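> Structure file upload.cif (mmCIF, C-alpha atoms and all ligand atoms) is given on the next line.
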data_data
loop_
_atom_site.label_atom_id
_atom_site.label_comp_id
_atom_site.auth_asym_id
_atom_site.auth_seq_id
_atom_site.Cartn_x
_atom_site.Cartn_y
_atom_site.Cartn_z
CA MET M 1 13.50 -35.77 -3.15
CA SER M 2 13.19 -38.65 -5.55
CA GLU M 3 15.38 -38.36 -8.61
CA THR M 4 12.89 -40.14 -10.81
CA ASP M 5 9.36 -39.41 -11.88
CA ARG M 6 8.01 -40.99 -8.71
CA PRO M 7 5.44 -38.77 -6.98
CA VAL M 8 6.13 -37.62 -3.42
CA ILE M 9 3.30 -38.75 -1.14
CA ILE M 10 2.92 -37.54 2.44
CA THR M 11 0.45 -39.62 4.44
CA GLY M 12 -0.97 -38.79 7.85
CA ASN M 13 -1.88 -41.80 9.99
CA TRP M 14 -4.22 -40.64 12.71
CA LYS M 15 -4.39 -44.03 14.43
CA MET M 16 -7.20 -44.11 17.06
CA TYR M 17 -7.52 -40.35 17.39
CA LYS M 18 -10.19 -37.79 16.44
CA THR M 19 -13.97 -37.83 16.53
CA ILE M 20 -15.89 -36.84 13.39
CA GLU M 21 -16.15 -33.27 14.61
CA GLU M 22 -12.43 -33.06 15.40
CA SER M 23 -11.61 -34.59 12.00
CA LEU M 24 -13.70 -31.97 10.19
CA THR M 25 -12.12 -29.11 12.12
CA PHE M 26 -8.69 -30.46 11.15
CA VAL M 27 -9.56 -30.82 7.46
CA LYS M 28 -11.07 -27.33 7.23
CA GLU M 29 -7.84 -25.99 8.68
CA LEU M 30 -5.59 -28.16 6.51
CA ILE M 31 -7.17 -27.53 3.08
CA PRO M 32 -5.96 -23.93 2.62
CA LEU M 33 -2.57 -24.77 4.16
CA VAL M 34 -1.77 -27.45 1.55
CA GLU M 35 -3.48 -25.85 -1.44
CA SER M 36 -0.28 -25.14 -3.33
CA ALA M 37 1.69 -28.18 -2.16
CA THR M 38 3.65 -30.07 -4.82
CA THR M 39 3.26 -33.38 -2.98
CA SER M 40 0.26 -35.66 -2.75
CA VAL M 41 -1.52 -35.46 0.60
CA TYR M 42 -3.07 -38.62 2.02
CA LEU M 43 -4.95 -38.94 5.31
CA ALA M 44 -5.63 -42.33 6.95
CA VAL M 45 -8.47 -41.53 9.32
CA PRO M 46 -10.59 -43.64 11.73
CA PHE M 47 -13.36 -45.65 10.02
CA THR M 48 -16.05 -43.46 11.59
CA ALA M 49 -14.61 -40.28 10.04
CA ILE M 50 -13.99 -41.55 6.48
CA LYS M 51 -17.30 -40.47 4.99
CA SER M 52 -17.41 -37.00 6.52
CA VAL M 53 -13.75 -36.29 5.80
CA ALA M 54 -14.07 -37.54 2.20
CA GLU M 55 -17.06 -35.24 1.63
CA GLN M 56 -15.33 -32.29 3.27
CA ALA M 57 -12.14 -32.89 1.25
CA LYS M 58 -13.91 -33.18 -2.14
CA GLY M 59 -12.24 -30.91 -4.69
CA SER M 60 -9.13 -30.47 -2.51
CA LYS M 61 -5.73 -32.17 -2.70
CA ILE M 62 -6.54 -34.49 0.18
CA VAL M 63 -6.95 -38.21 -0.51
CA VAL M 64 -8.78 -40.10 2.24
CA GLY M 65 -8.04 -43.66 3.30
CA ALA M 66 -8.31 -46.23 6.08
CA GLN M 67 -5.86 -47.85 8.47
CA ASN M 68 -6.93 -51.50 8.19
CA MET M 69 -9.53 -53.86 6.69
CA HIS M 70 -10.51 -57.54 6.59
CA ASP M 71 -9.44 -59.77 3.73
CA ALA M 72 -12.86 -61.28 2.99
CA SER M 73 -15.31 -59.63 0.61
CA ASP M 74 -18.01 -59.84 3.30
CA GLY M 75 -19.32 -62.38 5.81
CA ALA M 76 -19.84 -63.21 9.46
CA PHE M 77 -16.85 -61.37 10.90
CA THR M 78 -18.20 -59.37 13.83
CA GLY M 79 -16.42 -56.08 14.29
CA GLU M 80 -14.53 -56.20 10.98
CA ILE M 81 -14.73 -53.98 7.90
CA ALA M 82 -14.60 -54.87 4.20
CA ALA M 83 -12.70 -53.11 1.41
CA SER M 84 -15.97 -52.47 -0.45
CA MET M 85 -17.36 -50.70 2.65
CA LEU M 86 -14.29 -48.47 2.86
CA ILE M 87 -14.64 -47.54 -0.82
CA ASP M 88 -18.36 -46.93 -0.31
CA ALA M 89 -17.50 -44.46 2.50
CA GLY M 90 -15.01 -42.61 0.27
CA ALA M 91 -11.66 -44.27 1.03
CA ARG M 92 -9.19 -44.52 -1.84
CA PHE M 93 -6.30 -46.25 -0.04
CA VAL M 94 -5.70 -48.50 2.95
CA ILE M 95 -2.72 -49.00 5.25
CA LEU M 96 -1.96 -52.71 5.66
CA GLY M 97 0.41 -54.50 8.04
CA HIS M 98 1.22 -51.53 10.27
CA SER M 99 3.52 -52.73 13.07
CA GLU M 100 0.85 -51.89 15.66
CA ARG M 101 -1.43 -54.36 13.86
CA ARG M 102 1.35 -56.92 13.58
CA ILE M 103 2.39 -56.66 17.24
CA LEU M 104 -0.82 -55.83 19.13
CA PHE M 105 -3.27 -57.73 16.93
CA LYS M 106 -0.96 -60.56 15.87
CA GLU M 107 -1.27 -59.97 12.12
CA SER M 108 1.05 -62.30 10.22
CA ASN M 109 2.61 -61.79 6.80
CA ASP M 110 0.15 -64.40 5.55
CA VAL M 111 -2.88 -62.40 6.76
CA ILE M 112 -1.39 -59.21 5.31
CA ASN M 113 -0.86 -61.01 2.00
CA ARG M 114 -4.56 -61.94 1.89
CA LYS M 115 -5.55 -58.35 2.73
CA LEU M 116 -3.29 -57.01 -0.02
CA LYS M 117 -4.88 -59.35 -2.55
CA ARG M 118 -8.34 -58.16 -1.49
CA ALA M 119 -7.37 -54.47 -1.66
CA ILE M 120 -5.93 -54.98 -5.15
CA LYS M 121 -9.04 -56.86 -6.29
CA GLU M 122 -11.34 -54.10 -5.01
CA LYS M 123 -9.07 -51.35 -6.43
CA LEU M 124 -8.21 -49.82 -3.07
CA GLN M 125 -4.62 -48.52 -3.17
CA PRO M 126 -2.54 -50.54 -0.67
CA VAL M 127 0.12 -49.05 1.60
CA LEU M 128 2.17 -52.04 2.79
CA CYS M 129 4.07 -51.39 6.03
CA ILE M 130 7.26 -53.29 6.77
CA GLY M 131 10.10 -52.73 9.21
CA GLU M 132 12.45 -54.39 11.66
CA THR M 133 12.35 -54.39 15.47
CA LEU M 134 15.21 -53.03 17.55
CA ALA M 135 16.34 -56.59 18.37
CA GLU M 136 16.44 -57.47 14.67
CA ARG M 137 18.47 -54.34 13.87
CA GLU M 138 20.91 -55.05 16.70
CA GLN M 139 21.39 -58.60 15.41
CA ASN M 140 22.05 -57.31 11.88
CA LEU M 141 18.81 -58.85 10.68
CA THR M 142 17.31 -55.75 9.05
CA ALA M 143 17.88 -56.83 5.45
CA GLN M 144 16.63 -60.34 6.14
CA THR M 145 13.52 -59.11 7.97
CA LEU M 146 12.56 -56.73 5.17
CA SER M 147 13.16 -59.39 2.55
CA VAL M 148 11.00 -61.98 4.38
CA GLN M 149 8.21 -59.44 4.94
CA LEU M 150 8.22 -58.40 1.27
CA THR M 151 8.42 -62.00 0.02
CA GLU M 152 5.59 -63.26 2.21
CA CYS M 153 3.32 -60.20 1.99
CA LEU M 154 3.60 -60.03 -1.81
CA SER M 155 3.48 -63.79 -2.40
CA GLY M 156 1.40 -64.76 -5.44
CA ILE M 157 0.92 -61.15 -6.58
CA GLU M 158 2.07 -60.16 -10.06
CA ALA M 159 3.87 -56.97 -11.08
CA SER M 160 0.88 -55.84 -13.14
CA GLN M 161 -1.24 -55.85 -9.95
CA LEU M 162 1.23 -53.67 -8.06
CA GLU M 163 1.14 -50.53 -10.20
CA ASN M 164 -0.39 -48.55 -7.31
CA LEU M 165 1.47 -50.16 -4.44
CA ILE M 166 3.03 -47.91 -1.83
CA ILE M 167 5.57 -49.45 0.52
CA ALA M 168 6.09 -47.79 3.91
CA TYR M 169 9.37 -48.62 5.60
CA GLU M 170 8.72 -48.08 9.29
CA PRO M 171 11.38 -49.36 11.69
CA VAL M 172 9.43 -50.49 14.76
CA TRP M 173 11.94 -48.86 17.13
CA ALA M 174 11.30 -45.46 15.52
CA ILE M 175 7.50 -45.43 15.77
CA GLY M 176 6.15 -43.08 18.42
CA THR M 177 9.53 -42.97 20.16
CA ASP M 178 10.94 -39.62 19.03
CA LYS M 179 13.90 -41.62 17.71
CA SER M 180 13.65 -41.39 13.94
CA ALA M 181 16.01 -43.41 11.79
CA THR M 182 18.80 -41.21 10.48
CA PRO M 183 18.46 -40.24 6.83
CA ALA M 184 21.36 -42.61 6.06
CA GLU M 185 19.78 -45.53 7.92
CA ALA M 186 16.45 -44.93 6.22
CA GLN M 187 18.05 -44.57 2.77
CA GLU M 188 19.93 -47.84 3.24
CA ALA M 189 16.71 -49.70 4.11
CA HIS M 190 14.80 -48.08 1.23
CA HIS M 191 17.54 -49.07 -1.15
CA LEU M 192 17.31 -52.67 0.06
CA CYS M 193 13.56 -52.61 -0.62
CA ARG M 194 14.10 -51.21 -4.10
CA GLU M 195 16.72 -53.87 -4.83
CA TRP M 196 14.33 -56.53 -3.59
CA LEU M 197 11.62 -55.18 -5.94
CA GLN M 198 14.08 -55.19 -8.81
CA GLN M 199 15.00 -58.81 -8.24
CA ALA M 200 11.44 -59.99 -7.67
CA TYR M 201 9.62 -57.87 -10.26
CA GLY M 202 12.19 -56.18 -12.49
CA GLU M 203 13.44 -52.68 -13.20
CA ASN M 204 10.15 -51.09 -14.16
CA LEU M 205 8.26 -51.74 -10.92
CA SER M 206 11.33 -51.10 -8.81
CA ARG M 207 11.80 -47.69 -10.41
CA LYS M 208 8.12 -46.77 -10.15
CA THR M 209 7.21 -47.87 -6.63
CA VAL M 210 6.79 -45.15 -4.02
CA ILE M 211 8.59 -46.07 -0.79
CA GLN M 212 7.67 -43.93 2.21
CA TYR M 213 9.58 -43.64 5.46
CA GLY M 214 7.70 -43.64 8.77
CA GLY M 215 8.76 -43.39 12.40
CA SER M 216 8.94 -40.16 14.45
CA VAL M 217 8.79 -37.89 11.42
CA LYS M 218 8.53 -34.22 12.45
CA PRO M 219 8.77 -30.91 10.56
CA GLU M 220 12.36 -30.71 11.87
CA ASN M 221 13.64 -34.00 10.41
CA ALA M 222 11.37 -34.49 7.39
CA LYS M 223 13.34 -32.47 4.85
CA GLU M 224 16.57 -34.40 5.24
CA LEU M 225 14.70 -37.70 4.99
CA LEU M 226 12.94 -36.56 1.81
CA GLU M 227 16.25 -35.57 0.26
CA GLN M 228 17.41 -39.21 0.16
CA PRO M 229 17.21 -40.65 -3.36
CA ASP M 230 15.09 -43.67 -2.44
CA ILE M 231 12.71 -41.92 -0.03
CA ASP M 232 9.59 -40.85 -1.93
CA GLY M 233 7.37 -39.76 0.88
CA LEU M 234 6.55 -40.06 4.55
CA LEU M 235 4.05 -41.86 6.76
CA VAL M 236 3.47 -39.52 9.66
CA GLY M 237 1.77 -40.51 12.93
CA GLY M 238 1.96 -38.10 15.86
CA ALA M 239 2.90 -35.06 13.79
CA SER M 240 -0.13 -35.56 11.53
CA LEU M 241 -2.56 -34.84 14.35
CA SER M 242 -2.11 -31.08 14.10
CA ALA M 243 -2.82 -29.28 10.83
CA ASP M 244 0.05 -26.94 11.58
CA SER M 245 2.81 -29.56 11.92
CA PHE M 246 1.38 -31.82 9.19
CA SER M 247 1.13 -28.96 6.67
CA LYS M 248 4.70 -27.93 7.49
CA ILE M 249 5.88 -31.42 6.49
CA VAL M 250 3.70 -31.41 3.35
CA ASN M 251 5.06 -28.04 2.26
CA LEU M 252 8.75 -28.90 2.62
CA THR M 253 9.33 -29.96 -0.97
P1 LIG M 301 4.91 -41.71 14.48
O1 LIG M 301 4.06 -42.93 13.84
O2 LIG M 301 5.13 -40.69 13.40
O3 LIG M 301 4.08 -41.22 15.60
O4 LIG M 301 6.22 -42.33 14.93
C1 LIG M 301 4.29 -43.35 12.52
C2 LIG M 301 3.36 -44.50 12.19
O5 LIG M 301 3.07 -45.31 13.08
O6 LIG M 301 2.88 -44.64 11.04
#
Now, as a test, write the supplied structure out as structure tokens.
Ligand code: PGA

Amino acid sequence: MSETDRPVIITGNWKMYKTIEESLTFVKELIPLVESATTSVYLAVPFTAIKSVAEQAKGSKIVVGAQNMHDASDGAFTGEIAASMLIDAGARFVILGHSERRILFKESNDVINRKLKRAIKEKLQPVLCIGETLAEREQNLTAQTLSVQLTECLSGIEASQLENLIIAYEPVWAIGTDKSATPAEAQEAHHLCREWLQQAYGENLSRKTVIQYGGSVKPENAKELLEQPDIDGLLVGGASLSADSFSKIVNLT
């Protein structure tokens, strides 16, 4: 658990799973299970479920968000969604730069930078995902990859605009593979991120920024990850799809 006053935030990332009805069944089940949790509970749900889940979760601990958005305020972008529309539906945060978006939908650091600027402008809390591939780790390029991603994604953004920023360190080789990073590997990467923040933005932001770990987090490995000094929360994919396993992770601290 973090040694500072940083909050612990556990986020579920449902990816492209759950209809509205399935989402509501999940939330009804989850609410009583996380009622006395000491952590913050975030759920990144499909666009179609945001409004219903936000209404259902009103008055509970659950904060509802989205998994992606476009960087423009509005316009002729068929099939895209704007930050203002997400807020209108009840979203309070948005995941940006997830590796599935980077790899499958060719999102560059430059695009993610523009999305971050838009989220900040519209007051939607950004969760910036970064992480190295297996090839980069094997070539000892983890530190360099994280540094380039942070530099390019946060380019032109001032410390005062990053008060709400969440960083999610998600090694690509650990996502959906059942091969989580070890607590020591994750801690080392989180520490690099915190050092990068310190150099780029100073002590205050570095100390305050929540850095989540993501990649094959399960109830069985979550506690040890959360015990690392620079790990302030978790971004959970597969294990967030059942209220039982997700609530077990939420209730560990
Ligand atoms: P996973 O996904 O927990 O299924 O590995 C994590 C993520 O992609 O955010």
> Counting only C-alpha atoms and all ligand atoms, which protein, DNA or RNA residues come within 8 Å of ligand LIG 301 (chain M), given as a count of residues only?
24
> Which neighbours of Pro219 (chain M) fall inside 7 Å, counting all atoms listed in the file, when residues of the same chain fewer than 5 positions from it are skipped, and could you give them as a compact mmCIF listing (two decimals) with C-alpha atoms, in the coordinates of the input?

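For reference, selection_31.txt as written:
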# COMPACT_ATOMS: atom_id res chain seq x y z
CA SER M 245 2.81 -29.56 11.92
CA LYS M 248 4.70 -27.93 7.49
CA ILE M 249 5.88 -31.42 6.49
> So, counting only C-alpha atoms, which residue among M:Gln56, M:Thr133, M:Gln198, M:Gln187 is closest to Ile31 (chain M)?
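Comparing M:Gln56, M:Thr133, M:Gln198, M:Gln187 against Ile31 (chain M), the winner is M:Gln56.
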> Select, from M:Asn68, M:Thr25, M:Gln212, M:Ser73, the residue with the minimum atom-to-atom distance to Gly131 (chain M), counting only C-alpha atoms.
M:Gln212
> Pick out the closest residue to Asp110 (chain M) from this set: M:Glu122, M:Asp88, M:Glu152, M:Asp71. Count all atoms listed in the file.
M:Glu152
> Figure out the distance between CA of Ala89 (chain M) and CA of Lys51 (chain M), please, to one decimal in Å.
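These atoms are spaced 4.7 Å apart.
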> Separation of CA of Tyr42 (chain M) and CA of Arg118 (chain M), in Å?
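Between these atoms lies a distance of 20.5 Å.
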> Would you pick out the contacts of Glu195 (chain M) at 12 Å or less, using only C-alpha atoms, so that residues sharing its chain but fewer than 5 positions from it are not included, and give the list as an NGL selection string?
:M and (143 or 146-147 or 150 or 188-190 or 200-207 or 209 or 211 or 230)
> Go ahead and save the residues from that selection, with C-alpha atoms, as a compact mmCIF listing (two decimals), keeping the file's coordinate frame.

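Once everything was written out, this is part.txt:
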# COMPACT_ATOMS: atom_id res chain seq x y z
CA ALA M 143 17.88 -56.83 5.45
CA LEU M 146 12.56 -56.73 5.17
CA SER M 147 13.16 -59.39 2.55
CA LEU M 150 8.22 -58.40 1.27
CA GLU M 188 19.93 -47.84 3.24
CA ALA M 189 16.71 -49.70 4.11
CA HIS M 190 14.80 -48.08 1.23
CA ALA M 200 11.44 -59.99 -7.67
CA TYR M 201 9.62 -57.87 -10.26
CA GLY M 202 12.19 -56.18 -12.49
CA GLU M 203 13.44 -52.68 -13.20
CA ASN M 204 10.15 -51.09 -14.16
CA LEU M 205 8.26 -51.74 -10.92
CA SER M 206 11.33 -51.10 -8.81
CA ARG M 207 11.80 -47.69 -10.41
CA THR M 209 7.21 -47.87 -6.63
CA ILE M 211 8.59 -46.07 -0.79
CA ASP M 230 15.09 -43.67 -2.44
> What's around Gln161 (chain M) at 10 Å? Count only C-alpha atoms, leave out sequence neighbours fewer than 2 positions away in its own chain, and write the answer as a list in words.
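Near neighbours after the sequence-gap exclusion: Lys117, Ile120, Lys121, Lys123, Ile157, Glu158, Ala159, Glu163, Asn164 and Leu165 of chain M.
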> Which is closest to Ser52 (chain M) among M:Ala119, M:Leu134, M:Val64, M:Cys193, if we use only C-alpha atoms?
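With only C-alpha atoms as the atom set, the closest residue is M:Val64.
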> Distance CA of Lys18 (chain M)-CA of Ile87 (chain M), one decimal place?
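Value for the CA of Lys18 (chain M)-CA of Ile87 (chain M) distance: 20.3 Å.
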> Leaving out Trp14 (chain M) and any residue of its chain fewer than 3 positions from it, which residues lie within 12 Å of it when counting all atoms listed in the file, given as a short mmCIF file (atom, residue, chain, number, x, y, z; two decimals) with C-alpha atoms, in the frame of the given file?

data_model
loop_
_atom_site.label_atom_id
_atom_site.label_comp_id
_atom_site.auth_asym_id
_atom_site.auth_seq_id
_atom_site.Cartn_x
_atom_site.Cartn_y
_atom_site.Cartn_z
CA THR M 11 0.45 -39.62 4.44
CA TYR M 17 -7.52 -40.35 17.39
CA LYS M 18 -10.19 -37.79 16.44
CA THR M 19 -13.97 -37.83 16.53
CA GLU M 22 -12.43 -33.06 15.40
CA SER M 23 -11.61 -34.59 12.00
CA PHE M 26 -8.69 -30.46 11.15
CA TYR M 42 -3.07 -38.62 2.02
CA LEU M 43 -4.95 -38.94 5.31
CA ALA M 44 -5.63 -42.33 6.95
CA VAL M 45 -8.47 -41.53 9.32
CA PRO M 46 -10.59 -43.64 11.73
CA PHE M 47 -13.36 -45.65 10.02
CA ALA M 49 -14.61 -40.28 10.04
CA ILE M 50 -13.99 -41.55 6.48
CA VAL M 64 -8.78 -40.10 2.24
CA GLY M 65 -8.04 -43.66 3.30
CA ALA M 66 -8.31 -46.23 6.08
CA GLN M 67 -5.86 -47.85 8.47
CA ILE M 95 -2.72 -49.00 5.25
CA LEU M 235 4.05 -41.86 6.76
CA VAL M 236 3.47 -39.52 9.66
CA GLY M 237 1.77 -40.51 12.93
CA GLY M 238 1.96 -38.10 15.86
CA ALA M 239 2.90 -35.06 13.79
CA SER M 240 -0.13 -35.56 11.53
CA LEU M 241 -2.56 -34.84 14.35
CA SER M 242 -2.11 -31.08 14.10
CA ALA M 243 -2.82 -29.28 10.83
CA PHE M 246 1.38 -31.82 9.19
#
> Using only C-alpha atoms for the distances, tell me which of M:Ile167, M:Ile103, M:Met69, M:Leu24 is nearest to Glu55 (chain M).
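Counting only C-alpha atoms, the residue closest to Glu55 (chain M) is M:Leu24.
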> Would you list the contacts of Asp74 (chain M) as a VMD selection string, taking every protein, DNA or RNA residue within 9 Å and counting all atoms listed in the file, but skipping same-chain residues closer than 4 positions in sequence?
chain M and resid 70 81 to 84
> Give, as AutoDock Vina command-line options, the centre coordinates and the x, y and z edge lengths in Å to one decimal for an axis-aligned box around all listed atoms of region 193-204 of chain M, padded by 5 Å on each side.

--center_x 13.2 --center_y -55.5 --center_z -7.4 --size_x 17.1 --size_y 18.9 --size_z 23.5
